Amino acid sequence: MNLPRSPGRPSGDSQLQRERLLDAAAETFARIGIHAASLRGIAQQAGVTPALVNYYFGNKERLVDALVEERLQPLFAGLGARLQEAGDEPLELVRTFVLGLSATLARNPWLPPLWVREILCEGGALRDLLTTRFAPLVPQPLAQRFAAAQAHGRLNPDLDPRLLVVSLVGLVMLPHAAGHIWRGIFASPELGDEALARHILVLLERGLEVTP
């Protein structure tokens, strides 16, 4: 278990301290929301002085900007790049999305609650970024590729390619966001992240097929 660093001024490990503050900010924003979070509380979570948060970021707005640029944007850009490398078959695209997003959420457990608080909920501080920053990286290109597959007869014509993307996001993101609830209801150790991803793929597989 890593112990918090002692408070102090920036030193040779300043980049590590900055990363630690970004990690603490992500966890705090996910737990209580961006509006409710304070720089003092984030500093305490990271085990540093509030002055050090000021030194690196200046204010909460700049801290949020840094979180978007250095944490959120790379995650969605990475998933978008994996989708670009996937084949044109709808099932391959679905598998790449489901497995890629599931792995991303498993590595970053703060992301699902942050998504619910700050994007899904009315008044969320990051909601506008969904359309301006994140949608062009994953949802829009994925919907276009599904539409192209459908036009070539490789995707169920009864599906709407755009709503298929909405369904995929919901099927992956929401179970992760509510994991502490349903895992408490179904107290089974085998219901882990990999089991959830497999279940989603089995659930989707038949619905994507074209009926002869």
# chains A, B, ... in the order shown; residues from 1 in each chain; ligands from 1
>>> residues_around(residues="segment 40-43 of chain A", least_positions_apart="2", cutoff="7 Å", atoms="only C-alpha atoms", output="ChimeraX atom specification")
/A:21,24-25,28,37-38,45-50,53
>>> write_last_selection(atoms="N, CA, C and O atoms", output="JSON list (two decimals), in the first residue's frame")
[["chain", "number", "residue", "atom", "x", "y", "z"],
["A", 21, "LEU", "N", -1.74, 14.50, -7.87],
["A", 21, "LEU", "CA", -2.83, 15.46, -7.69],
["A", 21, "LEU", "C", -3.93, 15.23, -8.72],
["A", 21, "LEU", "O", -5.12, 15.33, -8.39],
["A", 24, "ALA", "N", -5.87, 12.26, -7.53],
["A", 24, "ALA", "CA", -6.72, 12.63, -6.40],
["A", 24, "ALA", "C", -7.92, 13.44, -6.87],
["A", 24, "ALA", "O", -9.04, 13.27, -6.37],
["A", 25, "ALA", "N", -7.70, 14.32, -7.85],
["A", 25, "ALA", "CA", -8.81, 15.13, -8.38],
["A", 25, "ALA", "C", -9.84, 14.24, -9.06],
["A", 25, "ALA", "O", -11.05, 14.41, -8.86],
["A", 28, "THR", "N", -11.80, 12.40, -6.39],
["A", 28, "THR", "CA", -12.66, 13.31, -5.62],
["A", 28, "THR", "C", -13.84, 13.78, -6.45],
["A", 28, "THR", "O", -14.98, 13.80, -5.97],
["A", 37, "ALA", "N", -16.30, 19.73, -4.86],
["A", 37, "ALA", "CA", -14.91, 19.47, -4.49],
["A", 37, "ALA", "C", -14.15, 20.77, -4.21],
["A", 37, "ALA", "O", -14.42, 21.80, -4.81],
["A", 38, "SER", "N", -13.21, 20.68, -3.29],
["A", 38, "SER", "CA", -12.37, 21.84, -2.97],
["A", 38, "SER", "C", -10.92, 21.47, -3.22],
["A", 38, "SER", "O", -10.52, 20.30, -3.14],
["A", 45, "GLN", "N", -6.35, 14.58, -0.04],
["A", 45, "GLN", "CA", -6.43, 13.25, -0.64],
["A", 45, "GLN", "C", -5.08, 12.83, -1.22],
["A", 45, "GLN", "O", -4.68, 11.67, -1.13],
["A", 46, "ALA", "N", -4.35, 13.80, -1.79],
["A", 46, "ALA", "CA", -3.05, 13.50, -2.41],
["A", 46, "ALA", "C", -1.92, 13.50, -1.40],
["A", 46, "ALA", "O", -0.79, 13.09, -1.73],
["A", 47, "GLY", "N", -2.17, 13.99, -0.18],
["A", 47, "GLY", "CA", -1.13, 14.02, 0.84],
["A", 47, "GLY", "C", -0.14, 15.15, 0.65],
["A", 47, "GLY", "O", 1.04, 15.00, 0.98],
["A", 48, "VAL", "N", -0.63, 16.30, 0.11],
["A", 48, "VAL", "CA", 0.24, 17.46, -0.09],
["A", 48, "VAL", "C", -0.46, 18.69, 0.50],
["A", 48, "VAL", "O", -1.61, 18.63, 0.94],
["A", 49, "THR", "N", 0.21, 19.82, 0.47],
["A", 49, "THR", "CA", -0.38, 21.06, 0.96],
["A", 49, "THR", "C", -1.22, 21.71, -0.13],
["A", 49, "THR", "O", -0.96, 21.54, -1.32],
["A", 50, "PRO", "N", -2.25, 22.49, 0.27],
["A", 50, "PRO", "CA", -3.03, 23.23, -0.73],
["A", 50, "PRO", "C", -2.18, 24.15, -1.59],
["A", 50, "PRO", "O", -2.49, 24.39, -2.75],
["A", 53, "VAL", "N", -1.14, 22.49, -4.79],
["A", 53, "VAL", "CA", -2.17, 22.47, -5.83],
["A", 53, "VAL", "C", -2.17, 23.79, -6.56],
["A", 53, "VAL", "O", -2.27, 23.84, -7.80]]
>>> residues_around(residues="segment 124-135 of chain A", least_positions_apart="5", cutoff="9 Å", atoms="only C-alpha atoms", output="number ranges by chain")
A: 33-35, 68, 72-73, 76-77, 115-119, 140-141
>>> write_last_selection(atoms="N, CA and C atoms", output="mmCIF file, in the first residue's frame")
data_model
loop_
_atom_site.group_PDB
_atom_site.id
_atom_site.type_symbol
_atom_site.label_atom_id
_atom_site.label_comp_id
_atom_site.auth_asym_id
_atom_site.auth_seq_id
_atom_site.Cartn_x
_atom_site.Cartn_y
_atom_site.Cartn_z
ATOM 1 N N GLY A 33 -18.412 15.069 -6.872
ATOM 2 C CA GLY A 33 -18.749 16.014 -7.931
ATOM 3 C C GLY A 33 -17.777 17.174 -8.000
ATOM 4 N N ILE A 34 -17.672 17.750 -9.182
ATOM 5 C CA ILE A 34 -16.717 18.846 -9.399
ATOM 6 C C ILE A 34 -17.110 20.084 -8.602
ATOM 7 N N HIS A 35 -18.394 20.446 -8.602
ATOM 8 C CA HIS A 35 -18.814 21.661 -7.913
ATOM 9 C C HIS A 35 -18.569 21.568 -6.409
ATOM 10 N N VAL A 68 -9.221 16.926 -18.008
ATOM 11 C CA VAL A 68 -9.810 16.622 -19.316
ATOM 12 C C VAL A 68 -8.715 16.343 -20.339
ATOM 13 N N LEU A 72 -9.001 12.317 -19.450
ATOM 14 C CA LEU A 72 -10.165 11.912 -20.234
ATOM 15 C C LEU A 72 -9.874 11.842 -21.731
ATOM 16 N N GLN A 73 -9.310 12.912 -22.279
ATOM 17 C CA GLN A 73 -9.074 12.951 -23.726
ATOM 18 C C GLN A 73 -8.217 11.780 -24.205
ATOM 19 N N PHE A 76 -10.341 8.409 -24.415
ATOM 20 C CA PHE A 76 -11.260 8.309 -25.538
ATOM 21 C C PHE A 76 -10.509 8.282 -26.869
ATOM 22 N N ALA A 77 -9.404 9.013 -26.943
ATOM 23 C CA ALA A 77 -8.604 8.981 -28.169
ATOM 24 C C ALA A 77 -8.015 7.589 -28.384
ATOM 25 N N TRP A 115 -18.657 10.039 -15.064
ATOM 26 C CA TRP A 115 -19.500 10.128 -16.256
ATOM 27 C C TRP A 115 -20.959 10.383 -15.852
ATOM 28 N N VAL A 116 -21.428 9.645 -14.861
ATOM 29 C CA VAL A 116 -22.818 9.811 -14.421
ATOM 30 C C VAL A 116 -23.026 11.191 -13.813
ATOM 31 N N ARG A 117 -22.132 11.615 -12.925
ATOM 32 C CA ARG A 117 -22.283 12.886 -12.229
ATOM 33 C C ARG A 117 -22.171 14.088 -13.158
ATOM 34 N N GLU A 118 -21.144 14.081 -14.000
ATOM 35 C CA GLU A 118 -20.770 15.304 -14.704
ATOM 36 C C GLU A 118 -21.152 15.342 -16.181
ATOM 37 N N ILE A 119 -21.652 14.215 -16.715
ATOM 38 C CA ILE A 119 -22.097 14.211 -18.108
ATOM 39 C C ILE A 119 -23.576 13.848 -18.208
ATOM 40 N N GLN A 140 -19.457 9.301 -32.973
ATOM 41 C CA GLN A 140 -19.787 9.679 -34.338
ATOM 42 C C GLN A 140 -19.098 8.802 -35.383
ATOM 43 N N PRO A 141 -17.773 8.590 -35.298
ATOM 44 C CA PRO A 141 -17.139 7.690 -36.283
ATOM 45 C C PRO A 141 -17.684 6.264 -36.216
#
>>> select_by_dssp(residues="chain A", states="alpha helix (DSSP H)", output="PyMOL selection string")
chain A and resi 14-32+39-46+50-57+60-67+73-85+90-107+111-115+127-129+139-151+161-177+179-185+193-205
>>> atom_distance(atom1="atom CA of Leu101 of chain A", atom2="atom CA of Val169 of chain A")
8.6 Å
>>> closest_residue(among="A:Pro157, A:Gly192, A:Gly179, A:Gly207", to="Pro112 of chain A", atoms="only C-alpha atoms")
A:Gly179
>>> residues_around(residues="Leu204 of chain A", least_positions_apart="6", cutoff="12 Å", atoms="only C-alpha atoms", output="PyMOL selection string")
chain A and resi 90-95+98+156+159+164-165+167-168+171-172+197-198
>>> closest_residue(among="A:Val166, A:Arg62, A:Leu22, A:Leu75", to="Arg107 of chain A", atoms="only C-alpha atoms")
A:Leu75
>>> closest_residue(among="A:Leu155, A:Leu105, A:Leu174, A:Ala51", to="Arg206 of chain A", atoms="only C-alpha atoms")
A:Leu155
>>> atom_distance(atom1="atom CA of Leu191 of chain A", atom2="atom CA of Ala81 of chain A")
28.7 Å
>>> decode(residues="segment 13-47 of chain A", atoms="N, CA and C atoms", output="PDB file, in the first residue's frame")
ATOM      1  N   ASP A  13      10.827  15.312  -7.865  1.00  0.00           N
ATOM      2  CA  ASP A  13       9.728  14.413  -8.258  1.00  0.00           C
ATOM      3  C   ASP A  13       8.460  15.208  -8.513  1.00  0.00           C
ATOM      4  N   SER A  14       8.594  16.440  -9.033  1.00  0.00           N
ATOM      5  CA  SER A  14       7.443  17.319  -9.227  1.00  0.00           C
ATOM      6  C   SER A  14       6.429  16.724 -10.195  1.00  0.00           C
ATOM      7  N   GLN A  15       6.880  16.029 -11.245  1.00  0.00           N
ATOM      8  CA  GLN A  15       5.934  15.429 -12.183  1.00  0.00           C
ATOM      9  C   GLN A  15       5.103  14.352 -11.495  1.00  0.00           C
ATOM     10  N   LEU A  16       5.741  13.578 -10.626  1.00  0.00           N
ATOM     11  CA  LEU A  16       5.020  12.550  -9.877  1.00  0.00           C
ATOM     12  C   LEU A  16       3.994  13.187  -8.954  1.00  0.00           C
ATOM     13  N   GLN A  17       4.355  14.287  -8.313  1.00  0.00           N
ATOM     14  CA  GLN A  17       3.417  14.988  -7.442  1.00  0.00           C
ATOM     15  C   GLN A  17       2.226  15.514  -8.234  1.00  0.00           C
ATOM     16  N   ARG A  18       2.504  16.039  -9.412  1.00  0.00           N
ATOM     17  CA  ARG A  18       1.435  16.563 -10.267  1.00  0.00           C
ATOM     18  C   ARG A  18       0.487  15.432 -10.690  1.00  0.00           C
ATOM     19  N   GLU A  19       1.052  14.296 -11.068  1.00  0.00           N
ATOM     20  CA  GLU A  19       0.227  13.146 -11.449  1.00  0.00           C
ATOM     21  C   GLU A  19      -0.612  12.676 -10.265  1.00  0.00           C
ATOM     22  N   ARG A  20      -0.016  12.709  -9.099  1.00  0.00           N
ATOM     23  CA  ARG A  20      -0.726  12.291  -7.887  1.00  0.00           C
ATOM     24  C   ARG A  20      -1.913  13.213  -7.621  1.00  0.00           C
ATOM     25  N   LEU A  21      -1.738  14.504  -7.866  1.00  0.00           N
ATOM     26  CA  LEU A  21      -2.826  15.455  -7.694  1.00  0.00           C
ATOM     27  C   LEU A  21      -3.935  15.225  -8.717  1.00  0.00           C
ATOM     28  N   LEU A  22      -3.574  14.907  -9.946  1.00  0.00           N
ATOM     29  CA  LEU A  22      -4.590  14.610 -10.959  1.00  0.00           C
ATOM     30  C   LEU A  22      -5.372  13.352 -10.592  1.00  0.00           C
ATOM     31  N   ASP A  23      -4.668  12.352 -10.071  1.00  0.00           N
ATOM     32  CA  ASP A  23      -5.346  11.130  -9.620  1.00  0.00           C
ATOM     33  C   ASP A  23      -6.326  11.450  -8.484  1.00  0.00           C
ATOM     34  N   ALA A  24      -5.868  12.259  -7.533  1.00  0.00           N
ATOM     35  CA  ALA A  24      -6.722  12.627  -6.404  1.00  0.00           C
ATOM     36  C   ALA A  24      -7.917  13.437  -6.871  1.00  0.00           C
ATOM     37  N   ALA A  25      -7.704  14.325  -7.849  1.00  0.00           N
ATOM     38  CA  ALA A  25      -8.807  15.131  -8.379  1.00  0.00           C
ATOM     39  C   ALA A  25      -9.838  14.243  -9.060  1.00  0.00           C
ATOM     40  N   ALA A  26      -9.381  13.284  -9.859  1.00  0.00           N
ATOM     41  CA  ALA A  26     -10.312  12.381 -10.553  1.00  0.00           C
ATOM     42  C   ALA A  26     -11.159  11.606  -9.547  1.00  0.00           C
ATOM     43  N   GLU A  27     -10.520  11.086  -8.512  1.00  0.00           N
ATOM     44  CA  GLU A  27     -11.248  10.303  -7.505  1.00  0.00           C
ATOM     45  C   GLU A  27     -12.219  11.184  -6.714  1.00  0.00           C
ATOM     46  N   THR A  28     -11.801  12.401  -6.391  1.00  0.00           N
ATOM     47  CA  THR A  28     -12.657  13.307  -5.620  1.00  0.00           C
ATOM     48  C   THR A  28     -13.841  13.779  -6.455  1.00  0.00           C
ATOM     49  N   PHE A  29     -13.584  14.176  -7.698  1.00  0.00           N
ATOM     50  CA  PHE A  29     -14.678  14.621  -8.569  1.00  0.00           C
ATOM     51  C   PHE A  29     -15.692  13.501  -8.783  1.00  0.00           C
ATOM     52  N   ALA A  30     -15.207  12.271  -8.922  1.00  0.00           N
ATOM     53  CA  ALA A  30     -16.101  11.126  -9.124  1.00  0.00           C
ATOM     54  C   ALA A  30     -16.935  10.853  -7.877  1.00  0.00           C
ATOM     55  N   ARG A  31     -16.353  11.075  -6.709  1.00  0.00           N
ATOM     56  CA  ARG A  31     -17.027  10.731  -5.454  1.00  0.00           C
ATOM     57  C   ARG A  31     -18.056  11.783  -5.040  1.00  0.00           C
ATOM     58  N   ILE A  32     -17.700  13.075  -5.144  1.00  0.00           N
ATOM     59  CA  ILE A  32     -18.610  14.113  -4.638  1.00  0.00           C
ATOM     60  C   ILE A  32     -19.004  15.144  -5.688  1.00  0.00           C
ATOM     61  N   GLY A  33     -18.412  15.069  -6.872  1.00  0.00           N
ATOM     62  CA  GLY A  33     -18.749  16.014  -7.931  1.00  0.00           C
ATOM     63  C   GLY A  33     -17.777  17.174  -8.000  1.00  0.00           C
ATOM     64  N   ILE A  34     -17.672  17.750  -9.182  1.00  0.00           N
ATOM     65  CA  ILE A  34     -16.717  18.846  -9.399  1.00  0.00           C
ATOM     66  C   ILE A  34     -17.110  20.084  -8.602  1.00  0.00           C
ATOM     67  N   HIS A  35     -18.394  20.446  -8.602  1.00  0.00           N
ATOM     68  CA  HIS A  35     -18.814  21.661  -7.913  1.00  0.00           C
ATOM     69  C   HIS A  35     -18.569  21.568  -6.409  1.00  0.00           C
ATOM     70  N   ALA A  36     -18.765  20.393  -5.837  1.00  0.00           N
ATOM     71  CA  ALA A  36     -18.622  20.237  -4.385  1.00  0.00           C
ATOM     72  C   ALA A  36     -17.172  20.078  -3.942  1.00  0.00           C
ATOM     73  N   ALA A  37     -16.304  19.732  -4.856  1.00  0.00           N
ATOM     74  CA  ALA A  37     -14.908  19.466  -4.491  1.00  0.00           C
ATOM     75  C   ALA A  37     -14.154  20.767  -4.213  1.00  0.00           C
ATOM     76  N   SER A  38     -13.214  20.682  -3.291  1.00  0.00           N
ATOM     77  CA  SER A  38     -12.369  21.838  -2.969  1.00  0.00           C
ATOM     78  C   SER A  38     -10.916  21.471  -3.224  1.00  0.00           C
ATOM     79  N   LEU A  39     -10.114  22.483  -3.519  1.00  0.00           N
ATOM     80  CA  LEU A  39      -8.688  22.243  -3.714  1.00  0.00           C
ATOM     81  C   LEU A  39      -8.041  21.731  -2.433  1.00  0.00           C
ATOM     82  N   ARG A  40      -8.529  22.212  -1.293  1.00  0.00           N
ATOM     83  CA  ARG A  40      -7.988  21.746  -0.009  1.00  0.00           C
ATOM     84  C   ARG A  40      -8.246  20.243   0.159  1.00  0.00           C
ATOM     85  N   GLY A  41      -9.467  19.813  -0.158  1.00  0.00           N
ATOM     86  CA  GLY A  41      -9.796  18.401  -0.037  1.00  0.00           C
ATOM     87  C   GLY A  41      -8.996  17.534  -0.990  1.00  0.00           C
ATOM     88  N   ILE A  42      -8.766  18.026  -2.209  1.00  0.00           N
ATOM     89  CA  ILE A  42      -7.964  17.279  -3.186  1.00  0.00           C
ATOM     90  C   ILE A  42      -6.518  17.181  -2.703  1.00  0.00           C
ATOM     91  N   ALA A  43      -6.006  18.273  -2.151  1.00  0.00           N
ATOM     92  CA  ALA A  43      -4.642  18.261  -1.614  1.00  0.00           C
ATOM     93  C   ALA A  43      -4.527  17.245  -0.478  1.00  0.00           C
ATOM     94  N   GLN A  44      -5.522  17.227   0.390  1.00  0.00           N
ATOM     95  CA  GLN A  44      -5.502  16.275   1.503  1.00  0.00           C
ATOM     96  C   GLN A  44      -5.537  14.840   0.985  1.00  0.00           C
ATOM     97  N   GLN A  45      -6.355  14.585  -0.044  1.00  0.00           N
ATOM     98  CA  GLN A  45      -6.426  13.253  -0.644  1.00  0.00           C
ATOM     99  C   GLN A  45      -5.080  12.833  -1.221  1.00  0.00           C
ATOM    100  N   ALA A  46      -4.351  13.801  -1.792  1.00  0.00           N
ATOM    101  CA  ALA A  46      -3.054  13.501  -2.407  1.00  0.00           C
ATOM    102  C   ALA A  46      -1.919  13.503  -1.398  1.00  0.00           C
ATOM    103  N   GLY A  47      -2.170  13.989  -0.181  1.00  0.00           N
ATOM    104  CA  GLY A  47      -1.133  14.023   0.836  1.00  0.00           C
ATOM    105  C   GLY A  47      -0.138  15.154   0.654  1.00  0.00           C
TER     106      GLY A  47
END
